[in-house]
Amino acid sequence: MLEVAKEEVTRQNALRVEAIYIKLGQLSGVVKEALLFSYNIACEGTIFQGSRLVIEELPVIVYCSVCQKERTLISIQNFSCPICNTLTFDVKQGRELEIVALEIQT
Amino acid sequence: MTIPPRLVEVREKILKQNDLLAQSLRQKFEKSGVYVISLVSSPGSGKTKLLEKTLSWMYQKYSVAVLVGDLATDNDAIRLSSTNALVKQIITGTICHLDAQMVENALKDWDLKSLDCLFIENVGNLVCPSSYDLGEALRIVLMSVTEGEDKPLKYPTIFNTADIAVITKLDLAKAVEFDFLLAYKNIQAVRPGIKVFELSAKSGQGMDEWLEFIQKLLQKG
């Protein structure tokens, strides 16, 4: 993650990084707490030292073909429409693991 | 006067390097005409056993290779090398999953064009392997009857990223009073529509259907 962020930091000629903003889908396979826990350690001795990691968690949104609407799953242990109970695997959101923004001093 | 920090929009996938490499591997596999199947499961679900049986059937008809990921030993590779398939061990050290770079490195001295099928046995782990695309055409998740019917609910993401599920160690199902209906319900709840096989590589039960499926894949691929 820091490698990807570093590319942008270099491109922007940043002097300091205040924060990294990321989106984390519930199906990304990554746990928020684990990321936060390792973040400070990973940042040590780099331009990211002292910066904040801001995580926006995204629930899973699926398309229900019966309702013909996008629905937010109540739990990733149950891929059924919360309204009509139809099982659906048409995932519209929830696999994200991406950096959305950097807060930098230039 | 201090300049306030500014916000720069980025929108980059954190695993983009892996994703890009996996995509180029996938293209390479397609071009070379090799069908790539990866296997994921918890440790001890029977990935190696299933591969042993599958390979010893396949080698008469197909040219097959296997990459085996493991933290420390090459025991699995030794087991599999008795099947006449081309086998290479990837020892990951402390890393709990395979990534596209490891796969690419391991394939360097193999002629992909001479292969019909490549199996990639991932490190036994139900968490991290789900995030890493290896360029495979098909991802198979295994769960043995001894692990309990609720495995899919405990690790939804690995089932969710798989294309096929295989319930293994069918010969032990009675002893552990495995509830098939519940297991199927749980698998479908986290990955609706997934095809499920039941088999025992040891007793041979369910193996015909499985091997027929593999054969069909290779005909198509």
# chains A, B, ... in the order shown; residues from 1 in each chain; ligands from 1

call {"tool": "closest_atom_pairs", "arguments": {"of": "chain A", "to": "chain B", "cutoff": "6 Å", "atoms": "only C-alpha atoms", "output": "CSV"}}
result
residue,atom,partner,partner_atom,distance
A:Met1,CA,B:Ile14,CA,5.0
A:Leu27,CA,B:Thr157,CA,5.7
A:Gly29,CA,B:Ser131,CA,5.6
A:Gln77,CA,B:Val190,CA,5.2
A:Asn78,CA,B:Ala189,CA,4.7
A:Phe79,CA,B:Ala189,CA,5.3
A:Phe89,CA,B:Pro192,CA,5.6
A:Leu97,CA,B:Ile14,CA,5.9
A:Glu98,CA,B:Lys13,CA,4.1
A:Ile99,CA,B:Glu12,CA,5.3
A:Val100,CA,B:Arg11,CA,4.3
A:Ala101,CA,B:Glu9,CA,4.2
A:Leu102,CA,B:Val8,CA,5.1
A:Glu103,CA,B:Leu7,CA,4.4
A:Ile104,CA,B:Pro5,CA,5.2
A:Gln105,CA,B:Pro5,CA,4.6

call {"tool": "residues_around", "arguments": {"residues": "Lys32 (chain A)", "least_positions_apart": "2", "cutoff": "12 Å", "atoms": "only C-alpha atoms", "output": "PyMOL selection string"}}
result
chain A and resi 22-30+34-39+53-58+97

call {"tool": "closest_residue", "arguments": {"among": "A:Ser75, A:Phe48, A:Ser80, A:Tyr63", "to": "Ala14 (chain A)", "atoms": "only C-alpha atoms"}}
result
A:Phe48

call {"tool": "select_by_dssp", "arguments": {"residues": "region 56-166 of chain B", "states": "helix (DSSP H, G or I)", "output": "ChimeraX atom specification"}}
result
/B:56-58,75-81,100-107,112-114,128-131,145-147,151-154,156-160

call {"tool": "atom_distance", "arguments": {"atom1": "CA of Ser203 (chain B)", "atom2": "CA of Ile167 (chain B)"}}
result
13.8 Å

call {"tool": "residues_around", "arguments": {"residues": "Met58 (chain B)", "least_positions_apart": "2", "cutoff": "10 Å", "atoms": "only C-alpha atoms", "output": "list in words"}}
result
Leu51, Glu52, Lys53, Thr54, Leu55, Ser56, Gln60, Lys61, Tyr62, Ser63, Val64, Thr83, Asn84, Ala85, Cys117, Leu211, Ile214 and Gln215 of chain B

call {"tool": "write_last_selection", "arguments": {"atoms": "C-alpha atoms", "output": "CSV table (one decimal), in the first residue's frame"}}
result
chain,number,residue,atom,x,y,z
B,51,LEU,CA,-3.9,-33.6,-6.7
B,52,GLU,CA,-2.0,-36.9,-6.3
B,53,LYS,CA,-5.1,-38.8,-7.4
B,54,THR,CA,-6.0,-36.3,-10.1
B,55,LEU,CA,-2.5,-36.2,-11.6
B,56,SER,CA,-2.0,-39.9,-11.6
B,60,GLN,CA,-1.5,-40.6,-19.5
B,61,LYS,CA,-3.6,-38.1,-21.4
B,62,TYR,CA,-2.3,-34.7,-20.6
B,63,SER,CA,0.9,-32.8,-20.0
B,64,VAL,CA,0.5,-31.5,-16.5
B,83,THR,CA,2.8,-38.8,-10.2
B,84,ASN,CA,5.0,-38.1,-13.2
B,85,ALA,CA,3.8,-34.5,-13.4
B,117,CYS,CA,-2.8,-27.9,-17.5
B,211,LEU,CA,-12.2,-36.1,-13.2
B,214,ILE,CA,-11.5,-31.6,-15.2
B,215,GLN,CA,-11.5,-33.3,-18.6

call {"tool": "select_by_dssp", "arguments": {"residues": "region 25-180 of chain B", "states": "strand (DSSP E)", "output": "PDB file with all heavy atoms, in the first residue's frame"}}
result
ATOM      1  N   TYR B  35      -4.308 -24.517 -19.263  1.00  0.00           N
ATOM      2  CA  TYR B  35      -5.431 -24.185 -18.388  1.00  0.00           C
ATOM      3  C   TYR B  35      -4.938 -24.207 -16.933  1.00  0.00           C
ATOM      4  O   TYR B  35      -4.379 -25.206 -16.479  1.00  0.00           O
ATOM      5  CB  TYR B  35      -6.559 -25.194 -18.582  1.00  0.00           C
ATOM      6  CG  TYR B  35      -7.867 -24.719 -18.009  1.00  0.00           C
ATOM      7  CD1 TYR B  35      -8.708 -23.897 -18.758  1.00  0.00           C
ATOM      8  CD2 TYR B  35      -8.244 -25.069 -16.718  1.00  0.00           C
ATOM      9  CE1 TYR B  35      -9.901 -23.437 -18.227  1.00  0.00           C
ATOM     10  CE2 TYR B  35      -9.445 -24.610 -16.181  1.00  0.00           C
ATOM     11  CZ  TYR B  35     -10.268 -23.792 -16.950  1.00  0.00           C
ATOM     12  OH  TYR B  35     -11.445 -23.336 -16.414  1.00  0.00           O
ATOM     13  N   VAL B  36      -5.142 -23.098 -16.233  1.00  0.00           N
ATOM     14  CA  VAL B  36      -4.560 -22.983 -14.894  1.00  0.00           C
ATOM     15  C   VAL B  36      -5.637 -23.030 -13.813  1.00  0.00           C
ATOM     16  O   VAL B  36      -6.597 -22.262 -13.839  1.00  0.00           O
ATOM     17  CB  VAL B  36      -3.729 -21.687 -14.764  1.00  0.00           C
ATOM     18  CG1 VAL B  36      -3.103 -21.592 -13.384  1.00  0.00           C
ATOM     19  CG2 VAL B  36      -2.650 -21.651 -15.833  1.00  0.00           C
ATOM     20  N   ILE B  37      -5.463 -23.965 -12.902  1.00  0.00           N
ATOM     21  CA  ILE B  37      -6.422 -24.166 -11.817  1.00  0.00           C
ATOM     22  C   ILE B  37      -5.701 -23.969 -10.488  1.00  0.00           C
ATOM     23  O   ILE B  37      -4.667 -24.599 -10.250  1.00  0.00           O
ATOM     24  CB  ILE B  37      -6.999 -25.597 -11.859  1.00  0.00           C
ATOM     25  CG1 ILE B  37      -7.676 -25.858 -13.212  1.00  0.00           C
ATOM     26  CG2 ILE B  37      -7.976 -25.818 -10.706  1.00  0.00           C
ATOM     27  CD1 ILE B  37      -8.119 -27.302 -13.392  1.00  0.00           C
ATOM     28  N   SER B  38      -6.211 -23.110  -9.630  1.00  0.00           N
ATOM     29  CA  SER B  38      -5.578 -22.970  -8.320  1.00  0.00           C
ATOM     30  C   SER B  38      -6.455 -23.608  -7.258  1.00  0.00           C
ATOM     31  O   SER B  38      -7.681 -23.673  -7.389  1.00  0.00           O
ATOM     32  CB  SER B  38      -5.331 -21.494  -7.988  1.00  0.00           C
ATOM     33  OG  SER B  38      -6.520 -20.876  -7.572  1.00  0.00           O
ATOM     34  N   LEU B  39      -5.797 -24.112  -6.228  1.00  0.00           N
ATOM     35  CA  LEU B  39      -6.512 -24.749  -5.120  1.00  0.00           C
ATOM     36  C   LEU B  39      -6.222 -24.003  -3.831  1.00  0.00           C
ATOM     37  O   LEU B  39      -5.060 -23.765  -3.496  1.00  0.00           O
ATOM     38  CB  LEU B  39      -6.069 -26.208  -4.952  1.00  0.00           C
ATOM     39  CG  LEU B  39      -6.616 -27.211  -5.968  1.00  0.00           C
ATOM     40  CD1 LEU B  39      -5.734 -27.208  -7.199  1.00  0.00           C
ATOM     41  CD2 LEU B  39      -6.662 -28.590  -5.367  1.00  0.00           C
ATOM     42  N   VAL B  40      -7.288 -23.654  -3.126  1.00  0.00           N
ATOM     43  CA  VAL B  40      -7.123 -23.018  -1.823  1.00  0.00           C
ATOM     44  C   VAL B  40      -7.929 -23.804  -0.786  1.00  0.00           C
ATOM     45  O   VAL B  40      -8.967 -24.386  -1.096  1.00  0.00           O
ATOM     46  CB  VAL B  40      -7.610 -21.546  -1.811  1.00  0.00           C
ATOM     47  CG1 VAL B  40      -6.697 -20.653  -2.626  1.00  0.00           C
ATOM     48  CG2 VAL B  40      -9.035 -21.428  -2.328  1.00  0.00           C
ATOM     49  N   VAL B  64       0.912 -32.243 -17.626  1.00  0.00           N
ATOM     50  CA  VAL B  64       0.462 -31.484 -16.458  1.00  0.00           C
ATOM     51  C   VAL B  64       1.635 -31.034 -15.595  1.00  0.00           C
ATOM     52  O   VAL B  64       2.626 -31.758 -15.456  1.00  0.00           O
ATOM     53  CB  VAL B  64      -0.476 -32.345 -15.572  1.00  0.00           C
ATOM     54  CG1 VAL B  64      -1.155 -31.468 -14.524  1.00  0.00           C
ATOM     55  CG2 VAL B  64      -1.507 -33.052 -16.401  1.00  0.00           C
ATOM     56  N   ALA B  65       1.505 -29.860 -15.010  1.00  0.00           N
ATOM     57  CA  ALA B  65       2.518 -29.379 -14.078  1.00  0.00           C
ATOM     58  C   ALA B  65       1.833 -28.839 -12.826  1.00  0.00           C
ATOM     59  O   ALA B  65       0.660 -28.483 -12.856  1.00  0.00           O
ATOM     60  CB  ALA B  65       3.357 -28.287 -14.722  1.00  0.00           C
ATOM     61  N   VAL B  66       2.607 -28.807 -11.740  1.00  0.00           N
ATOM     62  CA  VAL B  66       2.064 -28.312 -10.476  1.00  0.00           C
ATOM     63  C   VAL B  66       3.052 -27.373  -9.801  1.00  0.00           C
ATOM     64  O   VAL B  66       4.245 -27.671  -9.723  1.00  0.00           O
ATOM     65  CB  VAL B  66       1.808 -29.469  -9.473  1.00  0.00           C
ATOM     66  CG1 VAL B  66       0.948 -28.979  -8.321  1.00  0.00           C
ATOM     67  CG2 VAL B  66       1.179 -30.657 -10.140  1.00  0.00           C
ATOM     68  N   LEU B  67       2.533 -26.263  -9.303  1.00  0.00           N
ATOM     69  CA  LEU B  67       3.303 -25.426  -8.394  1.00  0.00           C
ATOM     70  C   LEU B  67       2.689 -25.603  -7.014  1.00  0.00           C
ATOM     71  O   LEU B  67       1.476 -25.505  -6.855  1.00  0.00           O
ATOM     72  CB  LEU B  67       3.199 -23.948  -8.790  1.00  0.00           C
ATOM     73  CG  LEU B  67       3.820 -23.517 -10.110  1.00  0.00           C
ATOM     74  CD1 LEU B  67       3.551 -22.021 -10.319  1.00  0.00           C
ATOM     75  CD2 LEU B  67       5.312 -23.783 -10.108  1.00  0.00           C
ATOM     76  N   VAL B  68       3.534 -25.854  -6.031  1.00  0.00           N
ATOM     77  CA  VAL B  68       3.031 -26.085  -4.681  1.00  0.00           C
ATOM     78  C   VAL B  68       3.597 -25.029  -3.734  1.00  0.00           C
ATOM     79  O   VAL B  68       4.811 -24.923  -3.578  1.00  0.00           O
ATOM     80  CB  VAL B  68       3.465 -27.464  -4.139  1.00  0.00           C
ATOM     81  CG1 VAL B  68       2.585 -27.861  -2.977  1.00  0.00           C
ATOM     82  CG2 VAL B  68       3.436 -28.511  -5.216  1.00  0.00           C
ATOM     83  N   GLY B  69       2.708 -24.292  -3.123  1.00  0.00           N
ATOM     84  CA  GLY B  69       3.151 -23.282  -2.159  1.00  0.00           C
ATOM     85  C   GLY B  69       3.147 -23.851  -0.766  1.00  0.00           C
ATOM     86  O   GLY B  69       2.223 -24.561  -0.373  1.00  0.00           O
ATOM     87  N   ASP B  70       4.195 -23.566  -0.038  1.00  0.00           N
ATOM     88  CA  ASP B  70       4.271 -24.032   1.344  1.00  0.00           C
ATOM     89  C   ASP B  70       5.178 -23.095   2.123  1.00  0.00           C
ATOM     90  O   ASP B  70       6.063 -22.479   1.559  1.00  0.00           O
ATOM     91  CB  ASP B  70       4.844 -25.455   1.380  1.00  0.00           C
ATOM     92  CG  ASP B  70       4.192 -26.288   2.480  1.00  0.00           C
ATOM     93  OD1 ASP B  70       3.825 -25.713   3.521  1.00  0.00           O
ATOM     94  OD2 ASP B  70       4.049 -27.505   2.287  1.00  0.00           O
ATOM     95  N   LEU B  86       5.193 -32.590 -13.787  1.00  0.00           N
ATOM     96  CA  LEU B  86       6.266 -31.641 -13.523  1.00  0.00           C
ATOM     97  C   LEU B  86       5.891 -30.905 -12.233  1.00  0.00           C
ATOM     98  O   LEU B  86       4.817 -30.322 -12.151  1.00  0.00           O
ATOM     99  CB  LEU B  86       6.307 -30.679 -14.704  1.00  0.00           C
ATOM    100  CG  LEU B  86       7.584 -29.981 -15.109  1.00  0.00           C
ATOM    101  CD1 LEU B  86       8.689 -30.990 -15.348  1.00  0.00           C
ATOM    102  CD2 LEU B  86       7.314 -29.177 -16.377  1.00  0.00           C
ATOM    103  N   VAL B  87       6.764 -30.941 -11.222  1.00  0.00           N
ATOM    104  CA  VAL B  87       6.395 -30.336  -9.939  1.00  0.00           C
ATOM    105  C   VAL B  87       7.457 -29.357  -9.476  1.00  0.00           C
ATOM    106  O   VAL B  87       8.649 -29.637  -9.583  1.00  0.00           O
ATOM    107  CB  VAL B  87       6.225 -31.416  -8.844  1.00  0.00           C
ATOM    108  CG1 VAL B  87       5.796 -30.774  -7.525  1.00  0.00           C
ATOM    109  CG2 VAL B  87       5.217 -32.458  -9.258  1.00  0.00           C
ATOM    110  N   LYS B  88       7.030 -28.218  -8.995  1.00  0.00           N
ATOM    111  CA  LYS B  88       7.979 -27.296  -8.385  1.00  0.00           C
ATOM    112  C   LYS B  88       7.409 -26.736  -7.087  1.00  0.00           C
ATOM    113  O   LYS B  88       6.240 -26.374  -7.011  1.00  0.00           O
ATOM    114  CB  LYS B  88       8.306 -26.156  -9.344  1.00  0.00           C
ATOM    115  CG  LYS B  88       9.520 -25.347  -8.866  1.00  0.00           C
ATOM    116  CD  LYS B  88       9.847 -24.218  -9.800  1.00  0.00           C
ATOM    117  CE  LYS B  88      10.582 -24.709 -11.028  1.00  0.00           C
ATOM    118  NZ  LYS B  88      10.879 -23.607 -11.958  1.00  0.00           N
ATOM    119  N   GLN B  89       8.266 -26.689  -6.091  1.00  0.00           N
ATOM    120  CA  GLN B  89       7.864 -26.165  -4.786  1.00  0.00           C
ATOM    121  C   GLN B  89       8.169 -24.672  -4.728  1.00  0.00           C
ATOM    122  O   GLN B  89       9.229 -24.236  -5.151  1.00  0.00           O
ATOM    123  CB  GLN B  89       8.659 -26.883  -3.699  1.00  0.00           C
ATOM    124  CG  GLN B  89       8.323 -26.458  -2.290  1.00  0.00           C
ATOM    125  CD  GLN B  89       7.021 -27.089  -1.824  1.00  0.00           C
ATOM    126  OE1 GLN B  89       6.832 -28.281  -1.976  1.00  0.00           O
ATOM    127  NE2 GLN B  89       6.146 -26.285  -1.246  1.00  0.00           N
ATOM    128  N   ILE B  90       7.219 -23.907  -4.215  1.00  0.00           N
ATOM    129  CA  ILE B  90       7.515 -22.511  -3.888  1.00  0.00           C
ATOM    130  C   ILE B  90       7.520 -22.425  -2.368  1.00  0.00           C
ATOM    131  O   ILE B  90       6.471 -22.601  -1.737  1.00  0.00           O
ATOM    132  CB  ILE B  90       6.440 -21.539  -4.448  1.00  0.00           C
ATOM    133  CG1 ILE B  90       6.287 -21.707  -5.964  1.00  0.00           C
ATOM    134  CG2 ILE B  90       6.785 -20.106  -4.089  1.00  0.00           C
ATOM    135  CD1 ILE B  90       5.168 -20.864  -6.562  1.00  0.00           C
ATOM    136  N   ILE B  91       8.683 -22.216  -1.801  1.00  0.00           N
ATOM    137  CA  ILE B  91       8.736 -22.074  -0.339  1.00  0.00           C
ATOM    138  C   ILE B  91       8.610 -20.593  -0.017  1.00  0.00           C
ATOM    139  O   ILE B  91       9.419 -19.770  -0.441  1.00  0.00           O
ATOM    140  CB  ILE B  91      10.012 -22.695   0.250  1.00  0.00           C
ATOM    141  CG1 ILE B  91       9.941 -24.221   0.054  1.00  0.00           C
ATOM    142  CG2 ILE B  91      10.142 -22.366   1.744  1.00  0.00           C
ATOM    143  CD1 ILE B  91      11.124 -24.987   0.588  1.00  0.00           C
ATOM    144  N   CYS B 117      -2.143 -28.342 -18.753  1.00  0.00           N
ATOM    145  CA  CYS B 117      -2.797 -27.917 -17.522  1.00  0.00           C
ATOM    146  C   CYS B 117      -1.763 -27.637 -16.441  1.00  0.00           C
ATOM    147  O   CYS B 117      -0.762 -28.345 -16.320  1.00  0.00           O
ATOM    148  CB  CYS B 117      -3.743 -29.041 -17.062  1.00  0.00           C
ATOM    149  SG  CYS B 117      -4.703 -28.628 -15.611  1.00  0.00           S
ATOM    150  N   LEU B 118      -1.997 -26.579 -15.693  1.00  0.00           N
ATOM    151  CA  LEU B 118      -1.123 -26.255 -14.566  1.00  0.00           C
ATOM    152  C   LEU B 118      -1.985 -26.097 -13.319  1.00  0.00           C
ATOM    153  O   LEU B 118      -2.955 -25.339 -13.317  1.00  0.00           O
ATOM    154  CB  LEU B 118      -0.376 -24.939 -14.846  1.00  0.00           C
ATOM    155  CG  LEU B 118       0.374 -24.305 -13.670  1.00  0.00           C
ATOM    156  CD1 LEU B 118       1.598 -25.130 -13.275  1.00  0.00           C
ATOM    157  CD2 LEU B 118       0.809 -22.871 -14.008  1.00  0.00           C
ATOM    158  N   PHE B 119      -1.625 -26.843 -12.286  1.00  0.00           N
ATOM    159  CA  PHE B 119      -2.291 -26.665 -10.998  1.00  0.00           C
ATOM    160  C   PHE B 119      -1.408 -25.806 -10.097  1.00  0.00           C
ATOM    161  O   PHE B 119      -0.186 -25.969 -10.087  1.00  0.00           O
ATOM    162  CB  PHE B 119      -2.513 -28.013 -10.309  1.00  0.00           C
ATOM    163  CG  PHE B 119      -3.599 -28.841 -10.925  1.00  0.00           C
ATOM    164  CD1 PHE B 119      -3.303 -29.835 -11.842  1.00  0.00           C
ATOM    165  CD2 PHE B 119      -4.931 -28.615 -10.593  1.00  0.00           C
ATOM    166  CE1 PHE B 119      -4.303 -30.604 -12.420  1.00  0.00           C
ATOM    167  CE2 PHE B 119      -5.941 -29.378 -11.167  1.00  0.00           C
ATOM    168  CZ  PHE B 119      -5.631 -30.374 -12.077  1.00  0.00           C
ATOM    169  N   ILE B 120      -2.027 -24.912  -9.365  1.00  0.00           N
ATOM    170  CA  ILE B 120      -1.282 -24.144  -8.369  1.00  0.00           C
ATOM    171  C   ILE B 120      -1.905 -24.438  -7.009  1.00  0.00           C
ATOM    172  O   ILE B 120      -3.066 -24.084  -6.761  1.00  0.00           O
ATOM    173  CB  ILE B 120      -1.346 -22.623  -8.653  1.00  0.00           C
ATOM    174  CG1 ILE B 120      -0.837 -22.308 -10.065  1.00  0.00           C
ATOM    175  CG2 ILE B 120      -0.534 -21.860  -7.612  1.00  0.00           C
ATOM    176  CD1 ILE B 120      -0.981 -20.839 -10.459  1.00  0.00           C
ATOM    177  N   GLU B 121      -1.151 -25.135  -6.176  1.00  0.00           N
ATOM    178  CA  GLU B 121      -1.650 -25.423  -4.827  1.00  0.00           C
ATOM    179  C   GLU B 121      -1.187 -24.307  -3.910  1.00  0.00           C
ATOM    180  O   GLU B 121       0.005 -24.153  -3.645  1.00  0.00           O
ATOM    181  CB  GLU B 121      -1.116 -26.787  -4.350  1.00  0.00           C
ATOM    182  CG  GLU B 121      -1.610 -27.148  -2.966  1.00  0.00           C
ATOM    183  CD  GLU B 121      -1.053 -28.482  -2.451  1.00  0.00           C
ATOM    184  OE1 GLU B 121      -0.714 -29.364  -3.246  1.00  0.00           O
ATOM    185  OE2 GLU B 121      -0.973 -28.615  -1.219  1.00  0.00           O
ATOM    186  N   LEU B 138      -9.365 -20.774 -13.058  1.00  0.00           N
ATOM    187  CA  LEU B 138     -10.372 -21.327 -12.162  1.00  0.00           C
ATOM    188  C   LEU B 138      -9.783 -21.456 -10.760  1.00  0.00           C
ATOM    189  O   LEU B 138      -8.662 -21.942 -10.595  1.00  0.00           O
ATOM    190  CB  LEU B 138     -10.774 -22.720 -12.672  1.00  0.00           C
ATOM    191  CG  LEU B 138     -12.049 -23.313 -12.098  1.00  0.00           C
ATOM    192  CD1 LEU B 138     -13.258 -22.708 -12.800  1.00  0.00           C
ATOM    193  CD2 LEU B 138     -12.064 -24.823 -12.275  1.00  0.00           C
ATOM    194  N   ARG B 139     -10.536 -21.013  -9.767  1.00  0.00           N
ATOM    195  CA  ARG B 139     -10.084 -21.159  -8.383  1.00  0.00           C
ATOM    196  C   ARG B 139     -11.005 -22.130  -7.668  1.00  0.00           C
ATOM    197  O   ARG B 139     -12.220 -21.959  -7.675  1.00  0.00           O
ATOM    198  CB  ARG B 139     -10.087 -19.810  -7.673  1.00  0.00           C
ATOM    199  CG  ARG B 139      -9.517 -19.876  -6.275  1.00  0.00           C
ATOM    200  CD  ARG B 139      -9.518 -18.520  -5.603  1.00  0.00           C
ATOM    201  NE  ARG B 139      -8.465 -17.626  -6.117  1.00  0.00           N
ATOM    202  CZ  ARG B 139      -8.195 -16.440  -5.593  1.00  0.00           C
ATOM    203  NH1 ARG B 139      -8.878 -16.000  -4.551  1.00  0.00           N
ATOM    204  NH2 ARG B 139      -7.252 -15.679  -6.107  1.00  0.00           N
ATOM    205  N   ILE B 140     -10.396 -23.133  -7.073  1.00  0.00           N
ATOM    206  CA  ILE B 140     -11.180 -24.155  -6.390  1.00  0.00           C
ATOM    207  C   ILE B 140     -10.923 -24.084  -4.891  1.00  0.00           C
ATOM    208  O   ILE B 140      -9.775 -24.066  -4.455  1.00  0.00           O
ATOM    209  CB  ILE B 140     -10.816 -25.553  -6.932  1.00  0.00           C
ATOM    210  CG1 ILE B 140     -11.206 -25.622  -8.415  1.00  0.00           C
ATOM    211  CG2 ILE B 140     -11.515 -26.648  -6.146  1.00  0.00           C
ATOM    212  CD1 ILE B 140     -10.861 -26.918  -9.085  1.00  0.00           C
ATOM    213  N   VAL B 141     -11.989 -24.032  -4.119  1.00  0.00           N
ATOM    214  CA  VAL B 141     -11.826 -24.043  -2.663  1.00  0.00           C
ATOM    215  C   VAL B 141     -12.232 -25.426  -2.149  1.00  0.00           C
ATOM    216  O   VAL B 141     -13.237 -25.992  -2.577  1.00  0.00           O
ATOM    217  CB  VAL B 141     -12.641 -22.911  -1.983  1.00  0.00           C
ATOM    218  CG1 VAL B 141     -14.132 -23.029  -2.228  1.00  0.00           C
ATOM    219  CG2 VAL B 141     -12.370 -22.869  -0.473  1.00  0.00           C
ATOM    220  N   LEU B 142     -11.402 -25.978  -1.263  1.00  0.00           N
ATOM    221  CA  LEU B 142     -11.697 -27.283  -0.689  1.00  0.00           C
ATOM    222  C   LEU B 142     -12.081 -27.122   0.772  1.00  0.00           C
ATOM    223  O   LEU B 142     -11.531 -26.280   1.473  1.00  0.00           O
ATOM    224  CB  LEU B 142     -10.456 -28.196  -0.732  1.00  0.00           C
ATOM    225  CG  LEU B 142     -10.066 -28.858  -2.048  1.00  0.00           C
ATOM    226  CD1 LEU B 142      -9.488 -27.833  -2.997  1.00  0.00           C
ATOM    227  CD2 LEU B 142      -9.048 -29.961  -1.797  1.00  0.00           C
ATOM    228  N   MET B 143     -13.023 -27.924   1.223  1.00  0.00           N
ATOM    229  CA  MET B 143     -13.257 -28.048   2.663  1.00  0.00           C
ATOM    230  C   MET B 143     -13.519 -29.509   2.969  1.00  0.00           C
ATOM    231  O   MET B 143     -14.250 -30.189   2.252  1.00  0.00           O
ATOM    232  CB  MET B 143     -14.408 -27.156   3.137  1.00  0.00           C
ATOM    233  CG  MET B 143     -15.788 -27.534   2.636  1.00  0.00           C
ATOM    234  SD  MET B 143     -17.077 -26.446   3.304  1.00  0.00           S
ATOM    235  CE  MET B 143     -17.600 -27.351   4.754  1.00  0.00           C
ATOM    236  N   SER B 144     -12.874 -30.013   4.026  1.00  0.00           N
ATOM    237  CA  SER B 144     -13.070 -31.418   4.353  1.00  0.00           C
ATOM    238  C   SER B 144     -14.222 -31.547   5.338  1.00  0.00           C
ATOM    239  O   SER B 144     -14.537 -30.602   6.072  1.00  0.00           O
ATOM    240  CB  SER B 144     -11.788 -31.998   4.950  1.00  0.00           C
ATOM    241  OG  SER B 144     -11.469 -31.326   6.143  1.00  0.00           O
ATOM    242  N   ILE B 164     -15.333 -22.879  -7.810  1.00  0.00           N
ATOM    243  CA  ILE B 164     -15.830 -24.229  -7.574  1.00  0.00           C
ATOM    244  C   ILE B 164     -15.507 -24.589  -6.121  1.00  0.00           C
ATOM    245  O   ILE B 164     -14.465 -24.198  -5.609  1.00  0.00           O
ATOM    246  CB  ILE B 164     -15.098 -25.248  -8.496  1.00  0.00           C
ATOM    247  CG1 ILE B 164     -15.321 -24.926  -9.968  1.00  0.00           C
ATOM    248  CG2 ILE B 164     -15.485 -26.686  -8.168  1.00  0.00           C
ATOM    249  CD1 ILE B 164     -16.705 -25.235 -10.486  1.00  0.00           C
ATOM    250  N   ALA B 165     -16.402 -25.340  -5.477  1.00  0.00           N
ATOM    251  CA  ALA B 165     -16.105 -25.830  -4.129  1.00  0.00           C
ATOM    252  C   ALA B 165     -16.060 -27.359  -4.147  1.00  0.00           C
ATOM    253  O   ALA B 165     -16.827 -27.996  -4.873  1.00  0.00           O
ATOM    254  CB  ALA B 165     -17.166 -25.354  -3.143  1.00  0.00           C
ATOM    255  N   VAL B 166     -15.146 -27.913  -3.367  1.00  0.00           N
ATOM    256  CA  VAL B 166     -15.047 -29.365  -3.271  1.00  0.00           C
ATOM    257  C   VAL B 166     -15.083 -29.773  -1.796  1.00  0.00           C
ATOM    258  O   VAL B 166     -14.281 -29.284  -0.996  1.00  0.00           O
ATOM    259  CB  VAL B 166     -13.737 -29.892  -3.915  1.00  0.00           C
ATOM    260  CG1 VAL B 166     -13.655 -31.406  -3.779  1.00  0.00           C
ATOM    261  CG2 VAL B 166     -13.642 -29.489  -5.381  1.00  0.00           C
ATOM    262  N   ILE B 167     -16.024 -30.625  -1.458  1.00  0.00           N
ATOM    263  CA  ILE B 167     -16.074 -31.175  -0.104  1.00  0.00           C
ATOM    264  C   ILE B 167     -15.271 -32.473  -0.124  1.00  0.00           C
ATOM    265  O   ILE B 167     -15.587 -33.387  -0.887  1.00  0.00           O
ATOM    266  CB  ILE B 167     -17.531 -31.433   0.332  1.00  0.00           C
ATOM    267  CG1 ILE B 167     -18.306 -30.112   0.356  1.00  0.00           C
ATOM    268  CG2 ILE B 167     -17.567 -32.113   1.708  1.00  0.00           C
ATOM    269  CD1 ILE B 167     -19.792 -30.277   0.638  1.00  0.00           C
ATOM    270  N   THR B 168     -14.213 -32.530   0.687  1.00  0.00           N
ATOM    271  CA  THR B 168     -13.289 -33.665   0.639  1.00  0.00           C
ATOM    272  C   THR B 168     -13.464 -34.593   1.852  1.00  0.00           C
ATOM    273  O   THR B 168     -14.197 -34.278   2.784  1.00  0.00           O
ATOM    274  CB  THR B 168     -11.834 -33.182   0.589  1.00  0.00           C
ATOM    275  OG1 THR B 168     -11.566 -32.437   1.778  1.00  0.00           O
ATOM    276  CG2 THR B 168     -11.575 -32.311  -0.629  1.00  0.00           C
TER     277      THR B 168
END

call {"tool": "residues_around", "arguments": {"residues": "Thr72 (chain A)", "least_positions_apart": "4", "cutoff": "8 Å", "atoms": "only C-alpha atoms", "output": "PyMOL selection string"}}
result
chain A and resi 59-62+81-82

call {"tool": "atom_distance", "arguments": {"atom1": "CA of Val196 (chain B)", "atom2": "CA of Phe159 (chain B)"}}
result
11.2 Å

call {"tool": "residues_around", "arguments": {"residues": "Ser65 (chain A)", "least_positions_apart": "3", "cutoff": "12 Å", "atoms": "only C-alpha atoms", "output": "ChimeraX atom specification"}}
result
/A:62,68-71,80-81,83-91
